[in-house]
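final-v9.cif (mmCIF, N, CA and C atoms)
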```cif
data_query
loop_
_atom_site.label_atom_id
_atom_site.label_comp_id
_atom_site.auth_asym_id
_atom_site.auth_seq_id
_atom_site.Cartn_x
_atom_site.Cartn_y
_atom_site.Cartn_z
N MET A 9 -114.40 -6.37 -303.87
CA MET A 9 -114.26 -7.76 -304.24
C MET A 9 -114.87 -7.98 -305.62
N VAL A 10 -114.28 -8.89 -306.38
CA VAL A 10 -114.81 -9.27 -307.69
C VAL A 10 -115.01 -10.78 -307.70
N VAL A 11 -116.18 -11.20 -308.19
CA VAL A 11 -116.50 -12.62 -308.33
C VAL A 11 -117.02 -12.83 -309.74
N GLN A 12 -116.54 -13.90 -310.39
CA GLN A 12 -117.04 -14.21 -311.73
C GLN A 12 -117.43 -15.68 -311.79
N LYS A 13 -118.61 -15.94 -312.34
CA LYS A 13 -119.14 -17.29 -312.46
C LYS A 13 -119.85 -17.42 -313.80
N SER A 14 -119.97 -18.66 -314.26
CA SER A 14 -120.70 -18.92 -315.51
C SER A 14 -121.70 -20.04 -315.32
N PHE A 15 -122.69 -20.07 -316.18
CA PHE A 15 -123.64 -21.18 -316.20
C PHE A 15 -124.15 -21.35 -317.61
N THR A 16 -124.77 -22.48 -317.85
CA THR A 16 -125.33 -22.79 -319.16
C THR A 16 -126.84 -22.89 -319.04
N VAL A 17 -127.53 -22.31 -320.00
CA VAL A 17 -128.99 -22.41 -320.05
C VAL A 17 -129.37 -23.14 -321.33
N ALA A 18 -130.27 -24.10 -321.20
CA ALA A 18 -130.79 -24.82 -322.36
C ALA A 18 -132.02 -24.08 -322.86
N THR A 19 -132.01 -23.74 -324.14
CA THR A 19 -133.17 -23.07 -324.73
C THR A 19 -133.91 -24.08 -325.61
N PRO A 20 -135.23 -24.06 -325.60
CA PRO A 20 -135.99 -25.01 -326.40
C PRO A 20 -136.18 -24.58 -327.85
N GLY A 21 -135.58 -23.48 -328.22
CA GLY A 21 -135.81 -22.85 -329.53
C GLY A 21 -136.26 -21.43 -329.28
N ARG A 22 -136.72 -20.78 -330.30
CA ARG A 22 -137.07 -19.37 -330.21
C ARG A 22 -138.00 -19.09 -329.05
N GLY A 23 -137.64 -18.05 -328.29
CA GLY A 23 -138.44 -17.65 -327.14
C GLY A 23 -137.56 -17.31 -325.96
N THR A 24 -138.19 -17.02 -324.82
CA THR A 24 -137.47 -16.59 -323.64
C THR A 24 -137.39 -17.69 -322.58
N VAL A 25 -136.30 -17.66 -321.83
CA VAL A 25 -136.11 -18.57 -320.70
C VAL A 25 -135.77 -17.71 -319.49
N ASP A 26 -136.54 -17.86 -318.43
CA ASP A 26 -136.35 -17.07 -317.21
C ASP A 26 -135.09 -17.57 -316.49
N ILE A 27 -134.11 -16.69 -316.33
CA ILE A 27 -132.87 -17.05 -315.63
C ILE A 27 -132.72 -16.26 -314.32
N THR A 28 -133.78 -15.59 -313.91
CA THR A 28 -133.73 -14.74 -312.72
C THR A 28 -133.28 -15.50 -311.49
N ARG A 29 -133.86 -16.65 -311.24
CA ARG A 29 -133.55 -17.42 -310.03
C ARG A 29 -132.07 -17.83 -310.02
N THR A 30 -131.56 -18.26 -311.18
CA THR A 30 -130.16 -18.67 -311.27
C THR A 30 -129.23 -17.50 -310.96
N VAL A 31 -129.50 -16.35 -311.57
CA VAL A 31 -128.67 -15.17 -311.33
C VAL A 31 -128.76 -14.74 -309.87
N GLN A 32 -129.96 -14.70 -309.33
CA GLN A 32 -130.13 -14.27 -307.93
C GLN A 32 -129.41 -15.22 -306.96
N THR A 33 -129.45 -16.52 -307.25
CA THR A 33 -128.75 -17.50 -306.41
C THR A 33 -127.25 -17.29 -306.47
N MET A 34 -126.72 -17.01 -307.67
CA MET A 34 -125.29 -16.78 -307.81
C MET A 34 -124.87 -15.51 -307.07
N VAL A 35 -125.70 -14.49 -307.13
CA VAL A 35 -125.41 -13.25 -306.40
C VAL A 35 -125.41 -13.53 -304.90
N ARG A 36 -126.44 -14.18 -304.42
CA ARG A 36 -126.53 -14.50 -302.98
C ARG A 36 -125.32 -15.31 -302.52
N ASP A 37 -124.98 -16.36 -303.30
CA ASP A 37 -123.87 -17.24 -302.91
C ASP A 37 -122.51 -16.56 -302.96
N SER A 38 -122.40 -15.46 -303.70
CA SER A 38 -121.12 -14.75 -303.80
C SER A 38 -120.75 -14.04 -302.50
N GLY A 39 -121.75 -13.73 -301.70
CA GLY A 39 -121.51 -12.99 -300.47
C GLY A 39 -121.48 -11.49 -300.64
N ILE A 40 -121.53 -11.02 -301.88
CA ILE A 40 -121.54 -9.58 -302.12
C ILE A 40 -122.89 -9.02 -301.71
N ARG A 41 -122.86 -7.98 -300.89
CA ARG A 41 -124.09 -7.38 -300.37
C ARG A 41 -124.52 -6.14 -301.14
N THR A 42 -123.52 -5.34 -301.57
CA THR A 42 -123.80 -4.09 -302.28
C THR A 42 -122.82 -3.97 -303.44
N GLY A 43 -123.36 -3.72 -304.64
CA GLY A 43 -122.47 -3.57 -305.79
C GLY A 43 -123.20 -3.63 -307.11
N ILE A 44 -122.52 -4.25 -308.08
CA ILE A 44 -123.03 -4.34 -309.45
C ILE A 44 -122.93 -5.79 -309.92
N CYS A 45 -123.96 -6.24 -310.62
CA CYS A 45 -123.97 -7.55 -311.26
C CYS A 45 -124.02 -7.34 -312.77
N HIS A 46 -123.00 -7.80 -313.45
CA HIS A 46 -122.97 -7.71 -314.91
C HIS A 46 -123.24 -9.11 -315.45
N VAL A 47 -124.26 -9.24 -316.30
CA VAL A 47 -124.64 -10.52 -316.89
C VAL A 47 -124.32 -10.45 -318.39
N PHE A 48 -123.60 -11.47 -318.90
CA PHE A 48 -123.14 -11.45 -320.28
C PHE A 48 -123.47 -12.76 -321.00
N MET A 49 -124.07 -12.65 -322.18
CA MET A 49 -124.41 -13.79 -323.04
C MET A 49 -123.28 -13.97 -324.05
N HIS A 50 -122.70 -15.18 -324.10
CA HIS A 50 -121.55 -15.46 -324.97
C HIS A 50 -121.97 -15.92 -326.37
N HIS A 51 -122.97 -15.33 -326.95
CA HIS A 51 -123.46 -15.79 -328.25
C HIS A 51 -123.95 -14.61 -329.08
N THR A 52 -124.02 -14.80 -330.41
CA THR A 52 -124.45 -13.74 -331.31
C THR A 52 -125.83 -14.00 -331.92
N SER A 53 -126.48 -15.07 -331.50
CA SER A 53 -127.83 -15.34 -332.01
C SER A 53 -128.82 -15.59 -330.86
N ALA A 54 -128.47 -15.08 -329.70
CA ALA A 54 -129.35 -15.07 -328.53
C ALA A 54 -129.00 -13.81 -327.75
N SER A 55 -129.87 -13.38 -326.88
CA SER A 55 -129.62 -12.15 -326.15
C SER A 55 -130.18 -12.23 -324.74
N LEU A 56 -130.00 -11.14 -324.01
CA LEU A 56 -130.53 -11.01 -322.65
C LEU A 56 -131.50 -9.84 -322.62
N ILE A 57 -132.57 -10.00 -321.85
CA ILE A 57 -133.51 -8.90 -321.67
C ILE A 57 -133.96 -8.84 -320.21
N LEU A 58 -134.26 -7.64 -319.79
CA LEU A 58 -134.91 -7.40 -318.51
C LEU A 58 -136.35 -7.10 -318.87
N CYS A 59 -137.28 -7.93 -318.40
CA CYS A 59 -138.63 -7.86 -318.95
C CYS A 59 -139.68 -8.19 -317.90
N GLU A 60 -140.91 -7.89 -318.24
CA GLU A 60 -142.10 -8.27 -317.47
C GLU A 60 -142.03 -9.74 -317.08
N ASN A 61 -142.30 -10.03 -315.79
CA ASN A 61 -142.26 -11.41 -315.34
C ASN A 61 -143.61 -11.97 -314.89
N ALA A 62 -144.66 -11.19 -315.00
CA ALA A 62 -145.96 -11.63 -314.49
C ALA A 62 -146.89 -12.15 -315.57
N ASP A 63 -146.89 -11.53 -316.73
CA ASP A 63 -147.83 -11.90 -317.79
C ASP A 63 -147.07 -12.47 -318.98
N PRO A 64 -147.19 -13.77 -319.25
CA PRO A 64 -146.47 -14.38 -320.37
C PRO A 64 -146.88 -13.82 -321.74
N ASP A 65 -148.01 -13.14 -321.80
CA ASP A 65 -148.43 -12.53 -323.07
C ASP A 65 -147.42 -11.48 -323.54
N VAL A 66 -146.71 -10.85 -322.59
CA VAL A 66 -145.70 -9.86 -322.96
C VAL A 66 -144.64 -10.52 -323.83
N HIS A 67 -144.21 -11.71 -323.47
CA HIS A 67 -143.18 -12.42 -324.21
C HIS A 67 -143.69 -12.87 -325.59
N VAL A 68 -144.94 -13.26 -325.65
CA VAL A 68 -145.55 -13.61 -326.93
C VAL A 68 -145.59 -12.39 -327.84
N ASP A 69 -146.00 -11.25 -327.28
CA ASP A 69 -146.08 -10.02 -328.06
C ASP A 69 -144.70 -9.55 -328.52
N LEU A 70 -143.68 -9.70 -327.69
CA LEU A 70 -142.32 -9.35 -328.10
C LEU A 70 -141.87 -10.20 -329.28
N GLU A 71 -142.17 -11.50 -329.20
CA GLU A 71 -141.79 -12.39 -330.30
C GLU A 71 -142.54 -12.03 -331.57
N THR A 72 -143.82 -11.68 -331.46
CA THR A 72 -144.61 -11.27 -332.62
C THR A 72 -144.03 -10.00 -333.24
N PHE A 73 -143.66 -9.04 -332.39
CA PHE A 73 -143.06 -7.80 -332.86
C PHE A 73 -141.77 -8.08 -333.62
N MET A 74 -140.90 -8.92 -333.04
CA MET A 74 -139.62 -9.25 -333.70
C MET A 74 -139.85 -9.98 -335.01
N ALA A 75 -140.82 -10.86 -335.06
CA ALA A 75 -141.11 -11.59 -336.29
C ALA A 75 -141.56 -10.64 -337.39
N ASP A 76 -142.31 -9.61 -337.04
CA ASP A 76 -142.71 -8.60 -338.02
C ASP A 76 -141.53 -7.74 -338.45
N LEU A 77 -140.69 -7.38 -337.49
CA LEU A 77 -139.56 -6.49 -337.75
C LEU A 77 -138.45 -7.19 -338.54
N VAL A 78 -138.13 -8.44 -338.15
CA VAL A 78 -137.02 -9.19 -338.76
C VAL A 78 -137.51 -10.61 -339.03
N PRO A 79 -138.23 -10.82 -340.13
CA PRO A 79 -138.77 -12.15 -340.43
C PRO A 79 -137.68 -13.12 -340.92
N ASP A 80 -137.88 -14.39 -340.62
CA ASP A 80 -136.98 -15.43 -341.14
C ASP A 80 -137.01 -15.41 -342.67
N GLY A 81 -135.85 -15.67 -343.27
CA GLY A 81 -135.77 -15.73 -344.72
C GLY A 81 -135.94 -14.39 -345.41
N ARG A 82 -135.69 -13.32 -344.69
CA ARG A 82 -135.88 -11.97 -345.24
C ARG A 82 -135.06 -11.80 -346.52
N ALA A 83 -135.69 -11.31 -347.54
CA ALA A 83 -135.01 -11.05 -348.82
C ALA A 83 -133.87 -10.08 -348.60
N GLY A 84 -132.75 -10.34 -349.22
CA GLY A 84 -131.61 -9.46 -349.13
C GLY A 84 -130.53 -9.94 -348.18
N PHE A 85 -130.88 -10.82 -347.23
CA PHE A 85 -129.85 -11.37 -346.34
C PHE A 85 -129.01 -12.37 -347.12
N ILE A 86 -127.70 -12.22 -347.06
CA ILE A 86 -126.82 -13.16 -347.76
C ILE A 86 -126.17 -14.16 -346.80
N HIS A 87 -126.17 -13.87 -345.50
CA HIS A 87 -125.60 -14.80 -344.51
C HIS A 87 -126.70 -15.77 -344.09
N THR A 88 -126.77 -16.89 -344.76
CA THR A 88 -127.80 -17.91 -344.47
C THR A 88 -127.18 -19.29 -344.33
N ALA A 89 -125.91 -19.36 -343.92
CA ALA A 89 -125.18 -20.63 -343.85
C ALA A 89 -125.89 -21.68 -343.01
N GLU A 90 -126.58 -21.26 -341.98
CA GLU A 90 -127.24 -22.22 -341.08
C GLU A 90 -128.76 -22.20 -341.22
N GLY A 91 -129.27 -21.64 -342.30
CA GLY A 91 -130.71 -21.66 -342.52
C GLY A 91 -131.33 -20.28 -342.55
N PRO A 92 -132.65 -20.23 -342.79
CA PRO A 92 -133.33 -18.94 -342.94
C PRO A 92 -133.44 -18.12 -341.65
N ASP A 93 -133.18 -18.76 -340.50
CA ASP A 93 -133.22 -18.00 -339.24
C ASP A 93 -131.82 -17.52 -338.82
N ASP A 94 -130.80 -17.79 -339.63
CA ASP A 94 -129.41 -17.49 -339.26
C ASP A 94 -129.17 -15.99 -339.10
N MET A 95 -129.28 -15.24 -340.19
CA MET A 95 -129.05 -13.80 -340.11
C MET A 95 -130.12 -13.11 -339.27
N THR A 96 -131.33 -13.62 -339.36
CA THR A 96 -132.42 -13.09 -338.54
C THR A 96 -132.04 -13.09 -337.07
N ALA A 97 -131.48 -14.20 -336.60
CA ALA A 97 -131.08 -14.31 -335.19
C ALA A 97 -130.00 -13.30 -334.85
N HIS A 98 -129.05 -13.09 -335.75
CA HIS A 98 -127.99 -12.12 -335.49
C HIS A 98 -128.56 -10.70 -335.40
N VAL A 99 -129.45 -10.35 -336.29
CA VAL A 99 -130.06 -9.01 -336.26
C VAL A 99 -130.85 -8.82 -334.97
N ARG A 100 -131.64 -9.82 -334.59
CA ARG A 100 -132.43 -9.71 -333.35
C ARG A 100 -131.52 -9.53 -332.14
N SER A 101 -130.40 -10.23 -332.13
CA SER A 101 -129.46 -10.10 -331.02
C SER A 101 -128.87 -8.69 -330.95
N VAL A 102 -128.53 -8.13 -332.11
CA VAL A 102 -127.98 -6.78 -332.14
C VAL A 102 -129.03 -5.75 -331.70
N LEU A 103 -130.29 -5.97 -332.06
CA LEU A 103 -131.36 -5.04 -331.70
C LEU A 103 -131.69 -5.08 -330.20
N THR A 104 -131.40 -6.18 -329.57
CA THR A 104 -131.63 -6.28 -328.12
C THR A 104 -130.28 -6.02 -327.45
N THR A 105 -129.76 -6.96 -326.69
CA THR A 105 -128.45 -6.77 -326.07
C THR A 105 -127.88 -8.09 -325.60
N ASN A 106 -126.58 -8.14 -325.47
CA ASN A 106 -125.92 -9.35 -324.98
C ASN A 106 -125.46 -9.20 -323.54
N ASP A 107 -125.79 -8.06 -322.91
CA ASP A 107 -125.41 -7.90 -321.52
C ASP A 107 -126.39 -7.01 -320.77
N LEU A 108 -126.40 -7.21 -319.47
CA LEU A 108 -127.22 -6.39 -318.57
C LEU A 108 -126.35 -6.01 -317.37
N THR A 109 -126.54 -4.82 -316.86
CA THR A 109 -125.87 -4.39 -315.64
C THR A 109 -126.95 -4.04 -314.63
N LEU A 110 -126.89 -4.70 -313.48
CA LEU A 110 -127.93 -4.58 -312.47
C LEU A 110 -127.34 -4.20 -311.12
N PRO A 111 -128.04 -3.38 -310.34
CA PRO A 111 -127.55 -3.06 -309.00
C PRO A 111 -127.74 -4.25 -308.06
N VAL A 112 -126.80 -4.43 -307.15
CA VAL A 112 -126.93 -5.43 -306.09
C VAL A 112 -127.15 -4.67 -304.79
N THR A 113 -128.25 -5.00 -304.13
CA THR A 113 -128.62 -4.38 -302.87
C THR A 113 -129.04 -5.48 -301.90
N ASP A 114 -128.48 -5.46 -300.72
CA ASP A 114 -128.80 -6.47 -299.69
C ASP A 114 -128.60 -7.89 -300.21
N GLY A 115 -127.56 -8.10 -301.01
CA GLY A 115 -127.20 -9.44 -301.46
C GLY A 115 -128.03 -10.03 -302.57
N ARG A 116 -128.74 -9.17 -303.31
CA ARG A 116 -129.54 -9.65 -304.44
C ARG A 116 -129.66 -8.55 -305.50
N CYS A 117 -129.93 -8.95 -306.73
CA CYS A 117 -130.17 -7.96 -307.78
C CYS A 117 -131.43 -7.20 -307.41
N ALA A 118 -131.33 -5.88 -307.43
CA ALA A 118 -132.44 -5.02 -307.02
C ALA A 118 -133.37 -4.81 -308.22
N LEU A 119 -134.17 -5.82 -308.50
CA LEU A 119 -135.12 -5.76 -309.62
C LEU A 119 -136.42 -5.12 -309.17
N GLY A 120 -137.12 -4.53 -310.13
CA GLY A 120 -138.45 -4.00 -309.86
C GLY A 120 -139.44 -5.13 -309.65
N THR A 121 -140.59 -4.80 -309.12
CA THR A 121 -141.61 -5.79 -308.78
C THR A 121 -141.93 -6.73 -309.93
N TRP A 122 -142.02 -6.22 -311.15
CA TRP A 122 -142.45 -7.03 -312.28
C TRP A 122 -141.31 -7.34 -313.25
N GLN A 123 -140.07 -7.22 -312.78
CA GLN A 123 -138.93 -7.45 -313.66
C GLN A 123 -138.34 -8.85 -313.46
N GLY A 124 -137.98 -9.46 -314.60
CA GLY A 124 -137.26 -10.73 -314.58
C GLY A 124 -136.13 -10.66 -315.59
N ILE A 125 -135.13 -11.52 -315.40
CA ILE A 125 -133.99 -11.60 -316.30
C ILE A 125 -134.20 -12.81 -317.20
N TYR A 126 -134.12 -12.58 -318.52
CA TYR A 126 -134.42 -13.65 -319.48
C TYR A 126 -133.33 -13.80 -320.52
N ALA A 127 -133.04 -15.04 -320.86
CA ALA A 127 -132.26 -15.35 -322.05
C ALA A 127 -133.29 -15.42 -323.18
N TRP A 128 -133.02 -14.74 -324.28
CA TRP A 128 -133.95 -14.74 -325.41
C TRP A 128 -133.27 -15.44 -326.58
N GLU A 129 -133.74 -16.63 -326.87
CA GLU A 129 -133.21 -17.42 -327.99
C GLU A 129 -133.83 -16.92 -329.28
N HIS A 130 -132.98 -16.63 -330.26
CA HIS A 130 -133.46 -16.14 -331.54
C HIS A 130 -133.41 -17.18 -332.65
N ARG A 131 -132.81 -18.34 -332.38
CA ARG A 131 -132.80 -19.44 -333.36
C ARG A 131 -134.05 -20.28 -333.14
N THR A 132 -134.49 -20.98 -334.18
CA THR A 132 -135.72 -21.77 -334.07
C THR A 132 -135.49 -23.14 -333.43
N THR A 133 -134.23 -23.55 -333.28
CA THR A 133 -133.94 -24.85 -332.68
C THR A 133 -133.30 -24.67 -331.31
N GLU A 134 -133.31 -25.74 -330.54
CA GLU A 134 -132.75 -25.69 -329.19
C GLU A 134 -131.24 -25.48 -329.22
N HIS A 135 -130.76 -24.82 -328.18
CA HIS A 135 -129.32 -24.57 -328.03
C HIS A 135 -128.94 -24.58 -326.56
N LYS A 136 -127.67 -24.70 -326.30
CA LYS A 136 -127.11 -24.51 -324.96
C LYS A 136 -126.35 -23.19 -325.02
N ARG A 137 -126.70 -22.27 -324.15
CA ARG A 137 -126.13 -20.93 -324.17
C ARG A 137 -125.33 -20.68 -322.89
N GLU A 138 -124.10 -20.18 -323.06
CA GLU A 138 -123.25 -19.87 -321.92
C GLU A 138 -123.46 -18.41 -321.50
N ILE A 139 -123.62 -18.23 -320.20
CA ILE A 139 -123.83 -16.91 -319.62
C ILE A 139 -122.85 -16.73 -318.47
N SER A 140 -122.19 -15.59 -318.42
CA SER A 140 -121.29 -15.28 -317.31
C SER A 140 -121.85 -14.11 -316.51
N ILE A 141 -121.63 -14.17 -315.22
CA ILE A 141 -121.94 -13.01 -314.38
C ILE A 141 -120.65 -12.58 -313.70
N THR A 142 -120.46 -11.28 -313.64
CA THR A 142 -119.34 -10.70 -312.93
C THR A 142 -119.92 -9.76 -311.88
N LEU A 143 -119.53 -9.98 -310.65
CA LEU A 143 -120.04 -9.20 -309.53
C LEU A 143 -118.92 -8.35 -308.96
N TYR A 144 -119.21 -7.07 -308.79
CA TYR A 144 -118.28 -6.13 -308.18
C TYR A 144 -118.98 -5.57 -306.96
N GLY A 145 -118.31 -5.61 -305.82
CA GLY A 145 -118.96 -5.01 -304.66
C GLY A 145 -118.31 -5.32 -303.35
N GLU A 146 -119.07 -5.00 -302.31
CA GLU A 146 -118.61 -5.17 -300.94
C GLU A 146 -119.40 -6.28 -300.26
N MET A 147 -118.70 -6.98 -299.40
CA MET A 147 -119.33 -8.07 -298.63
C MET A 147 -120.17 -7.49 -297.52
#
```
I need this file expressed as C-alpha cells, please.
Amino acid sequence: MVVQKSFTVATPGRGTVDITRTVQTMVRDSGIRTGICHVFMHHTSASLILCENADPDVHVDLETFMADLVPDGRAGFIHTAEGPDDMTAHVRSVLTTNDLTLPVTDGRCALGTWQGIYAWEHRTTEHKREISITLYGEM
C-alpha cells in the first residue's frame, strides 16, 4: 500500500522546528504497520534533519557551526535577490538534505531513543514550509 500526505509547518525564522509528533501521527493514521516513511521538504532554503531531541544545546551548536561555515552576506555570493541570507540559505540546504527515509515498525517511525525529526529553517525570517510524507508498506 502507498499513502501520501502533506502538511505545512510555520517556522519562526532561522532554527529548528520539531515535526516528529506530526510525522508519527500521520504514520499511525495511515494504518501502515511495516514499511518505509519518506519525508520531503518542498523548499530550497530549508531542510530536514534527524537530530538529537533531548538537549536543545545541540541545535544551538549546529546553528553556530553553520553560521561559521556559511555566514550571511558571504563575499563572493552573487545570488542575493532576497537579502544577505538568500544564497546562504540555499547552501545550507544543499549541505544538509531535503528528504529523510525512515523505517516504519509497528505503525510508527522506528527512531532511536534520542532522535527527532526537524525542519531546519535557514532564512532569518518566518516562513510556511510544505512537507510531504510518502508511506510504503503493509497494513
TODO: Please write the residues picked by the PyMOL selection byres (((chain A and resi 100 and name CA) around 10) and name CA) on this file as an MDAnalysis selection string.
DONE: chainID A and resid 52:55 74:75 77:79 95:99 101:105 128:131
TODO: Just give me the gap between atom C of Asp94 in chain A and atom C of Phe15 in chain A in Å, one decimal is fine.
DONE: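 If I compute the distance from atom C of Asp94 in chain A to atom C of Phe15 in chain A, I get 22.7 Å.
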Task: Given the PyMOL selection byres ((chain A and resi 25) around 8), the residues it picks as a VMD selection string - done: chain A and resid 18 to 20 22 to 24 26 to 28 125 to 129
- [ ] Please return as number ranges by chain: the residues of chain A that backbone DSSP assigns to alpha helix (DSSP H).
- [x] A: 28-38, 65-77, 94-103
TODO: Can you turn the PyMOL selection byres ((chain A and resi 110-123) around 8) into a concrete residue list for this file, as a ChimeraX atom specification?
DONE: /A:28,31-47,58-63,107-109,124-126,144
TODO: One decimal, Å: what's the distance from atom N of His135 in chain A over to atom C of Gly21 in chain A, could you say?
DONE: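 Going from atom N of His135 in chain A over to atom C of Gly21 in chain A, I get 6.6 Å.
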Task: Backbone DSSP call of strand (DSSP E or B) for chain A, listed as a PyMOL selection string - done: chain A and resi 10-19+23-26+42-49+54-60+107-113+116-117+123-129+135-146
Task: Residue among A:Ile141, A:Asn106, A:Lys136, A:Gly91 lying closest to Ile57 in chain A, counting only N, CA and C atoms - done: A:Asn106
- [ ] Please indicate the distance in Å from atom N of Asp93 in chain A to atom C of Phe48 in chain A, rounded to one decimal place.
- [x]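 Atom N of Asp93 in chain A sits 22.6 Å away from atom C of Phe48 in chain A.
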Task: Residue with smallest distance to Lys13 in chain A - pool A:Met147, A:Val66, A:Ala83, A:Ile139, counting all atoms listed in the file - done: A:Ile139
Centre and edge lengths, as lines of an AutoDock Vina configuration file, for the axis-aligned box enclosing every listed atom of range 12-17 of chain A with 5 Å of padding on each of the six sides, in Å to one decimal?
```
center_x = -123.0
center_y = -18.5
center_z = -315.9
size_x = 22.8
size_y = 19.2
size_z = 20.9
```
